[in-house]
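Data from coords.txt: compact mmCIF, C-alpha atoms
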# COMPACT_ATOMS: atom_id res chain seq x y z
CA MET A 288 0.00 0.00 0.00
CA PHE A 289 2.81 2.37 0.88
CA SER A 290 4.49 1.70 -2.46
CA PHE A 291 1.20 2.42 -4.27
CA ILE A 292 0.85 5.78 -2.52
CA ILE A 293 4.41 6.76 -3.44
CA ASP A 294 3.85 5.78 -7.07
CA LEU A 295 0.57 7.72 -7.13
CA ILE A 296 2.20 10.88 -5.74
CA ILE A 297 5.05 10.66 -8.26
CA CYS A 298 2.67 10.16 -11.19
CA LEU A 299 0.39 12.98 -10.10
CA GLY A 300 3.44 15.22 -9.78
CA ALA A 301 4.58 14.27 -13.28
CA LEU A 302 1.12 14.95 -14.74
CA THR A 303 0.91 18.30 -12.97
CA GLY A 304 4.37 19.28 -14.13
CA LEU A 305 3.58 18.31 -17.72
CA ALA A 306 0.34 20.32 -17.67
CA LEU A 307 2.01 23.38 -16.18
CA ILE A 308 4.99 23.52 -18.51
CA ALA A 309 3.04 22.57 -21.65
CA PRO A 310 2.07 26.18 -22.54
CA SER A 311 5.65 27.36 -22.14
CA ILE A 312 6.92 24.51 -24.30
CA ILE A 313 4.39 25.26 -27.03
CA TYR A 314 5.17 28.98 -27.04
CA SER A 315 8.94 28.55 -26.94
CA TRP A 316 9.42 25.57 -29.24
CA ARG A 317 11.15 27.72 -31.87
CA VAL A 318 12.84 30.03 -29.38
CA VAL A 319 15.12 27.70 -27.46
CA PRO A 320 17.20 24.74 -28.65
CA PHE A 321 15.23 21.63 -29.56
CA TYR A 322 17.10 19.44 -27.07
CA TYR A 323 16.04 21.59 -24.11
CA ASN A 324 12.32 21.46 -24.79
CA LEU A 325 12.63 17.77 -25.64
CA ALA A 326 14.24 17.19 -22.24
CA ARG A 327 11.46 19.11 -20.49
CA VAL A 328 8.82 16.96 -22.19
CA ALA A 329 10.70 13.70 -21.75
CA LEU A 330 11.21 14.01 -17.99
CA PRO A 331 7.52 13.77 -16.93
CA LEU A 332 6.70 11.30 -19.72
CA MET A 333 9.51 8.97 -18.68
CA THR A 334 8.41 9.25 -15.08
CA LEU A 335 4.86 8.26 -16.01
CA ALA A 336 6.09 5.39 -18.18
CA TYR A 337 8.28 4.06 -15.40
CA PHE A 338 6.03 4.45 -12.37
CA GLY A 339 2.58 4.41 -13.99
CA PRO A 340 2.26 0.66 -14.69
CA ASN A 341 2.85 -0.10 -11.04
CA LEU A 342 -0.39 1.67 -10.16
CA PHE A 343 -2.25 -1.04 -12.07
CA GLY A 344 -0.24 -3.97 -10.79
CA LEU A 345 1.68 -4.42 -14.04
CA ASN A 346 5.23 -5.68 -13.92
CA PHE A 347 6.23 -4.16 -17.23
CA PRO A 348 8.46 -2.19 -17.53
CA GLY A 349 9.39 -3.15 -13.96
CA ARG A 350 12.03 -1.65 -11.73
CA SER A 351 14.89 -4.06 -12.27
CA GLY A 352 17.00 -5.27 -15.14
CA TRP A 353 17.30 -3.38 -18.39
CA PRO A 354 14.20 -1.11 -17.93
CA ALA A 355 15.76 0.37 -14.80
CA TRP A 356 19.04 1.00 -16.62
CA VAL A 357 17.24 2.55 -19.58
CA PHE A 358 15.31 4.82 -17.21
CA LEU A 359 18.46 5.89 -15.35
CA GLY A 360 20.34 6.44 -18.61
CA GLY A 361 17.51 8.55 -20.02
CA LEU A 362 17.30 10.51 -16.81
CA GLY A 363 21.01 11.20 -17.01
CA LEU A 364 20.68 12.48 -20.59
CA ILE A 365 17.79 14.74 -19.60
CA VAL A 366 19.70 16.25 -16.68
CA THR A 367 22.75 16.74 -18.92
CA ALA A 368 20.65 18.53 -21.57
CA ILE A 369 19.13 20.86 -18.99
CA LEU A 370 22.54 21.65 -17.47
CA VAL A 371 24.04 22.33 -20.92
CA PHE A 372 21.24 24.78 -21.62
CA LEU A 373 21.62 26.56 -18.27
CA TYR A 374 25.39 26.92 -18.64
CA ARG A 375 25.60 27.75 -22.33
CA GLU A 376 22.43 29.19 -23.77
CA PRO A 377 22.09 32.59 -22.02
CA GLY A 378 25.49 33.72 -23.29
CA GLU A 379 24.88 32.27 -26.75
CA SER A 380 21.51 34.00 -26.84
CA TYR A 381 23.10 37.36 -26.09
CA ARG A 382 25.66 36.84 -28.84
CA ARG A 383 23.01 35.82 -31.38
CA ARG A 384 20.99 38.90 -30.48
CA GLN A 385 23.97 41.12 -31.22
CA LYS A 386 24.49 39.48 -34.62
CA VAL A 387 20.90 39.85 -35.80
CA ALA A 388 20.28 43.34 -34.39
CA THR A 389 18.66 45.56 -37.00
CA TYR A 390 19.76 48.79 -35.38
CA GLU A 391 22.48 51.07 -36.70
CA ILE A 392 24.44 52.07 -33.61
CA ALA A 393 26.65 54.46 -35.56
CA ALA A 394 23.60 56.49 -36.55
CA SER A 395 23.10 57.60 -32.96
CA PRO A 396 24.45 61.07 -32.11
CA LEU A 397 25.77 59.86 -28.75
CA SER A 398 28.86 57.68 -28.43
CA THR A 399 29.30 57.79 -24.65
CA ALA A 400 27.19 58.59 -21.59
CA GLU A 401 26.76 62.19 -22.75
CA GLY A 402 23.12 63.28 -22.76
CA ILE A 403 21.90 60.40 -20.60
CA ILE A 404 19.97 60.95 -17.36
CA VAL A 405 19.51 58.27 -14.69
CA ARG A 406 16.54 58.79 -12.39
CA SER A 407 13.64 57.09 -10.65
CA ALA A 408 11.03 55.77 -13.05
CA ARG A 409 7.86 57.71 -13.71
CA SER A 410 4.64 56.06 -14.79
CA SER A 411 5.35 57.16 -18.36
CA ASP A 412 8.71 55.34 -18.26
CA LEU A 413 7.33 51.90 -17.43
CA ALA A 414 6.45 50.99 -21.02
CA GLY A 415 10.01 51.75 -22.05
CA ALA A 416 11.43 49.84 -19.08
CA GLY A 417 9.28 46.81 -19.93
CA ARG A 418 10.49 46.93 -23.53
CA VAL A 419 14.13 47.13 -22.43
CA PHE A 420 13.77 44.15 -20.09
CA ALA A 421 11.91 42.13 -22.73
CA GLU A 422 14.81 42.69 -25.14
CA ALA A 423 17.68 42.47 -22.66
CA PHE A 424 16.40 39.25 -21.08
CA HIS A 425 14.77 37.81 -24.19
CA HIS A 426 16.44 34.44 -23.60
CA SER A 427 14.38 34.16 -20.42
CA PHE A 428 11.11 35.96 -21.17
CA ASP A 429 10.77 34.45 -24.66
CA LEU A 430 10.98 31.07 -22.95
CA ASP A 431 8.56 32.05 -20.19
CA PHE A 432 5.89 33.91 -22.14
CA GLY A 433 6.56 33.18 -25.82
CA PRO A 434 8.56 35.06 -28.49
CA ASP A 435 6.23 38.06 -28.84
CA ARG A 436 8.53 40.70 -27.35
CA ALA A 437 6.17 43.61 -27.90
CA ARG A 438 3.55 41.77 -25.84
CA ASN A 439 6.15 40.71 -23.29
CA GLY A 440 7.25 44.32 -22.90
CA CYS A 441 3.67 45.39 -22.17
CA LEU A 442 3.22 42.54 -19.68
CA LEU A 443 6.46 43.41 -17.88
CA SER A 444 5.63 47.10 -17.79
CA GLU A 445 2.40 46.35 -15.93
CA LEU A 446 4.18 44.06 -13.48
CA LEU A 447 6.79 46.76 -12.92
CA GLY A 448 3.95 49.14 -12.09
CA ILE A 449 3.55 47.20 -8.84
CA LYS A 450 7.22 47.83 -8.06
CA GLN A 451 7.52 51.30 -9.59
CA ALA A 452 9.11 52.77 -6.46
CA GLU A 453 12.07 50.41 -6.96
CA VAL A 454 12.55 51.00 -10.70
CA GLU A 455 15.32 53.26 -12.00
CA VAL A 456 15.74 54.24 -15.65
CA ALA A 457 18.38 55.70 -17.94
CA VAL A 458 16.78 58.08 -20.44
CA LEU A 459 17.96 60.32 -23.25
CA ALA A 460 17.90 63.92 -22.07
CA GLU A 461 16.47 65.26 -25.33
CA THR A 462 13.68 62.78 -25.99
CA GLY A 463 13.08 60.97 -22.68
CA GLN A 464 13.50 57.60 -24.43
CA VAL A 465 14.26 54.81 -21.98
CA ILE A 466 17.51 53.11 -23.00
CA GLY A 467 18.26 51.26 -19.77
CA ALA A 468 16.33 50.12 -16.73
CA MET A 469 17.04 48.66 -13.31
CA TRP A 470 14.89 47.13 -10.61
CA LEU A 471 16.68 47.79 -7.32
CA ASP A 472 15.33 46.07 -4.21
CA LEU A 473 16.26 47.93 -1.01
CA GLY A 474 13.78 46.20 1.26
CA ASP A 475 11.36 49.10 1.55
CA LYS A 476 8.33 47.64 3.32
CA SER A 477 6.06 50.26 1.77
CA VAL A 478 6.64 48.79 -1.71
CA PRO A 479 3.75 46.43 -2.60
CA GLN A 480 4.44 42.72 -2.96
CA VAL A 481 3.53 40.78 -6.09
CA THR A 482 0.60 38.66 -4.94
CA PHE A 483 -1.43 36.09 -6.86
CA GLY A 484 -4.35 38.49 -7.25
CA LYS A 485 -2.25 41.35 -8.60
CA SER A 486 -0.24 39.23 -11.01
CA TRP A 487 -3.25 37.18 -12.15
CA SER A 488 -5.18 40.29 -13.15
CA ILE A 489 -2.26 41.28 -15.39
CA LEU A 490 -1.20 37.91 -16.77
CA LYS A 491 -4.69 36.80 -17.86
CA ARG A 492 -4.81 39.72 -20.30
CA TYR A 493 -1.72 38.49 -22.12
CA LEU A 494 -1.60 34.70 -21.64
CA ASN A 495 -4.07 31.86 -21.81
CA GLY A 496 -5.69 30.72 -18.56
CA LEU A 497 -3.44 27.76 -17.67
CA HIS A 498 -0.26 29.61 -18.56
CA ALA A 499 -1.34 32.68 -16.58
CA PHE A 500 -2.33 30.55 -13.60
CA TYR A 501 1.04 28.79 -13.56
CA PHE A 502 2.99 32.05 -13.48
CA ALA A 503 0.65 33.76 -11.04
CA ILE A 504 0.71 31.01 -8.45
CA PHE A 505 4.12 29.38 -8.95
CA ALA A 506 6.65 31.42 -10.94
CA LEU A 507 6.11 35.12 -10.28
CA PRO A 508 6.02 34.97 -6.46
CA THR A 509 9.56 33.60 -6.68
CA MET A 510 10.71 35.63 -9.69
CA MET A 511 9.62 38.93 -8.10
CA ALA A 512 10.20 38.10 -4.45
CA GLN A 513 12.08 40.48 -2.15
CA ARG A 514 15.75 39.51 -1.94
CA SER A 515 17.30 42.39 -0.05
CA THR A 516 18.23 42.22 3.63
CA ALA A 517 18.89 44.79 6.33
CA GLN A 518 22.54 44.91 5.22
CA GLN A 519 22.22 44.24 1.50
CA GLY A 520 20.63 45.93 -1.46
CA TYR A 521 19.78 43.64 -4.35
CA ILE A 522 19.71 44.39 -8.09
CA GLN A 523 16.86 42.22 -9.33
CA TRP A 524 17.10 43.16 -13.02
CA LEU A 525 19.42 45.47 -14.93
CA GLY A 526 18.96 45.70 -18.67
CA ILE A 527 20.21 47.90 -21.49
CA ASP A 528 18.63 48.51 -24.87
CA PRO A 529 20.81 46.48 -27.32
CA VAL A 530 21.49 49.68 -29.28
CA TRP A 531 23.11 51.27 -26.25
CA GLN A 532 25.11 48.39 -24.89
CA GLY A 533 28.81 49.15 -24.53
CA ARG A 534 28.30 52.90 -24.05
CA ARG A 535 28.45 53.22 -20.25
CA VAL A 536 24.69 53.04 -19.65
CA GLY A 537 25.14 49.96 -17.48
CA ARG A 538 27.89 51.67 -15.51
CA LEU A 539 25.63 54.67 -14.86
CA LEU A 540 22.87 52.41 -13.54
CA VAL A 541 25.31 50.55 -11.27
CA GLU A 542 26.56 53.87 -9.92
CA ARG A 543 22.97 54.87 -9.25
CA ALA A 544 22.35 51.58 -7.43
CA THR A 545 25.47 52.14 -5.34
CA GLU A 546 24.41 55.65 -4.31
CA LEU A 547 20.86 54.60 -3.41
CA SER A 548 22.07 51.56 -1.46
CA GLN A 549 24.52 53.66 0.54
CA ALA A 550 21.83 56.24 1.25
CA ALA A 551 19.62 53.41 2.53
CA GLY A 552 22.35 52.30 4.93
CA LYS A 553 23.29 49.11 3.09
CA ARG A 554 26.76 47.64 3.45
CA GLU A 555 26.67 45.47 0.35
CA LEU A 556 25.11 45.48 -3.10
CA VAL A 557 24.31 42.02 -4.46
CA LEU A 558 23.14 40.57 -7.78
CA HIS A 559 23.17 37.37 -9.82
CA THR A 560 23.91 36.92 -13.51
CA GLU A 561 24.52 34.00 -15.87
CA ARG A 562 28.07 32.69 -15.99
CA SER A 563 27.88 32.58 -19.79
CA ASN A 564 26.99 36.29 -20.02
CA ASP A 565 30.50 37.64 -20.50
CA ARG A 566 29.38 41.22 -21.13
CA ALA A 567 27.48 41.47 -17.85
CA ARG A 568 30.26 39.83 -15.87
CA LYS A 569 32.80 42.31 -17.24
CA LEU A 570 30.53 45.23 -16.34
CA TYR A 571 30.14 44.12 -12.74
CA THR A 572 33.81 43.28 -12.33
CA HIS A 573 34.79 46.72 -13.64
CA THR A 574 32.34 48.48 -11.31
CA GLY A 575 33.70 46.98 -8.11
CA PHE A 576 31.81 43.71 -7.71
CA GLU A 577 33.48 40.47 -6.65
CA ASP A 578 32.46 36.94 -7.61
CA ARG A 579 31.17 35.33 -4.40
CA SER A 580 29.56 32.28 -5.98
CA GLY A 581 31.45 29.85 -3.80
CA PHE A 582 31.15 26.90 -6.19
CA ALA A 583 33.06 27.74 -9.36
CA PHE A 584 30.83 25.78 -11.74
CA THR A 585 27.37 27.13 -10.93
CA PRO A 586 25.41 28.40 -13.98
CA ARG A 587 24.68 31.67 -12.16
CA VAL A 588 27.28 33.95 -10.59
CA ARG A 589 26.69 35.81 -7.34
CA PHE A 590 28.35 39.22 -7.36
CA VAL A 591 28.85 41.34 -4.24
CA LYS A 592 30.04 44.94 -3.96
CA LEU A 593 31.16 46.23 -0.56
CA LEU A 594 29.76 49.67 0.27
CA GLY A 595 31.36 50.35 3.64
CA ASP A 596 29.38 51.20 6.75
CA GLY A 597 26.61 53.02 4.94

This entry written out as structure tokens:
Amino acid sequence: MFSFIIDLIICLGALTGLALIAPSIIYSWRVVPFYYNLARVALPLMTLAYFGPNLFGLNFPGRSGWPAWVFLGGLGLIVTAILVFLYREPGESYRRRQKVATYEIAASPLSTAEGIIVRSARSSDLAGAGRVFAEAFHHSFDLDFGPDRARNGCLLSELLGIKQAEVEVAVLAETGQVIGAMWLDLGDKSVPQVTFGKSWSILKRYLNGLHAFYFAIFALPTMMAQRSTAQQGYIQWLGIDPVWQGRRVGRLLVERATELSQAAGKRELVLHTERSNDRARKLYTHTGFEDRSGFAFTPRVRFVKLLGDG
């Protein structure tokens, strides 16, 4: 009886997982490498194929002999595929984005940080901030919501409206165009939290019901959770319009984060970025951050900048 209950729980978990990730897989099938989505589909299906027959008293495929080895081998391949994606794809995605960019950087009148203002976001800036994040983190949001970046920008801008007090933007002085954005978490208790009700009301306007439900109840509470502490400020997201990358916009936003964190009495400024994102790692290294990941082979790097006594 105990074995039956365990098998039932595992199978229900596999079915739930398959149902929840199905919309993301459908939307992102052409966005991410084939092997990654195949691994995400194969994991729950293999689990059902291995544990499911036991619910009905069937011995096939069984849990010994060659079926067990096939299951373990397949599981190993799936885990390997997922790890390869996590370690490699974010950086590759950034590089592909640079190659296919349709913008003419040289056409811009500004070659450095001249004419750029960094300030707290206004309501009118949120659409631009959402667009910047949708482009800068396209490898993530295309996978989460689908490859419609205009829609993703609108969705993110509404979510950022909940956290507007923590959003900073870099804008062109002449036009007010948002060319960089940062979500800086300083632990201000007056800033609203992203609850199921708030996120659901936004997500259901852009995604289908199951997909919206999954993100509202499972993903967003973690994705947009508070990560600062009494001693640490935390940069949740920092993104630059691809046109303006490499022209000190990121450095200006980091300097802004440093000033605001010091003013809030923080002793450290913390963030995470993908190990494969060489551009971001160079930016943070050059602006005073140190790699504090601990384990040298993690797919995400934890950067810390010491601010003194506040």

Would you mind reading off the distance between atom CA of A:Thr560 and atom CA of A:His426, one decimal, in Å?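 Spanning atom CA of A:Thr560 to atom CA of A:His426 is a straight-line distance of 12.8 Å.
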
Show me, as CSV, the residues of stretch 480-539 of chain A having an atom within 12 Å of stretch 580-593 of chain A, each with the closest atom pair and its distance in Å, using all atoms listed in the file.
residue,atom,partner,partner_atom,distance
A:Gln518,CA,A:Leu593,CA,10.5
A:Gln519,CA,A:Val591,CA,9.2
A:Gly520,CA,A:Lys592,CA,9.8
A:Tyr521,CA,A:Val591,CA,9.4
A:Ile522,CA,A:Phe590,CA,10.1
A:Gln523,CA,A:Arg589,CA,11.9

Near-stretch 509-515 of chain A list (10 Å; all atoms listed in the file; drop same-chain fewer than 2 positions) as an MDAnalysis selection string: chainID A and resid 446:447 450 471:476 478 480:482 502:507 517:524 553 555:558

Please produce an output containing C-alpha atoms for each residue in the selection, written as a short mmCIF file (atom, residue, chain, number, x, y, z; two decimals), in the coordinates of the input.
data_model
loop_
_atom_site.label_atom_id
_atom_site.label_comp_id
_atom_site.auth_asym_id
_atom_site.auth_seq_id
_atom_site.Cartn_x
_atom_site.Cartn_y
_atom_site.Cartn_z
CA LEU A 446 4.18 44.06 -13.48
CA LEU A 447 6.79 46.76 -12.92
CA LYS A 450 7.22 47.83 -8.06
CA LEU A 471 16.68 47.79 -7.32
CA ASP A 472 15.33 46.07 -4.21
CA LEU A 473 16.26 47.93 -1.01
CA GLY A 474 13.78 46.20 1.26
CA ASP A 475 11.36 49.10 1.55
CA LYS A 476 8.33 47.64 3.32
CA VAL A 478 6.64 48.79 -1.71
CA GLN A 480 4.44 42.72 -2.96
CA VAL A 481 3.53 40.78 -6.09
CA THR A 482 0.60 38.66 -4.94
CA PHE A 502 2.99 32.05 -13.48
CA ALA A 503 0.65 33.76 -11.04
CA ILE A 504 0.71 31.01 -8.45
CA PHE A 505 4.12 29.38 -8.95
CA ALA A 506 6.65 31.42 -10.94
CA LEU A 507 6.11 35.12 -10.28
CA ALA A 517 18.89 44.79 6.33
CA GLN A 518 22.54 44.91 5.22
CA GLN A 519 22.22 44.24 1.50
CA GLY A 520 20.63 45.93 -1.46
CA TYR A 521 19.78 43.64 -4.35
CA ILE A 522 19.71 44.39 -8.09
CA GLN A 523 16.86 42.22 -9.33
CA TRP A 524 17.10 43.16 -13.02
CA LYS A 553 23.29 49.11 3.09
CA GLU A 555 26.67 45.47 0.35
CA LEU A 556 25.11 45.48 -3.10
CA VAL A 557 24.31 42.02 -4.46
CA LEU A 558 23.14 40.57 -7.78
#

Can you tell me how far atom CA of A:Leu359 sits from atom CA of A:Ile312, in Å to one decimal?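 Distance reported for this atom pair: 23.7 Å.
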
Find the residues around A:Lys569 up to 12 Å (all atoms listed in the file counted), leave out those fewer than 3 positions away in its own chain, and share them as a ChimeraX atom specification. /A:533,537-538,560-566,572-578,590

Atom CA of A:Asp294 and atom CA of A:Ala326 are how many Å apart?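 Distance between the two atoms: 21.6 Å.
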
Kindly indicate which residue among A:Arg409, A:His425, A:Arg438, A:Arg579 lies nearest to A:Ile527, using all atoms listed in the file for the distances. A:His425

Tell me which of A:Gly304, A:Pro310, A:Pro529, A:Gly552 sits closest to A:Leu594, counting only C-alpha atoms. A:Gly552
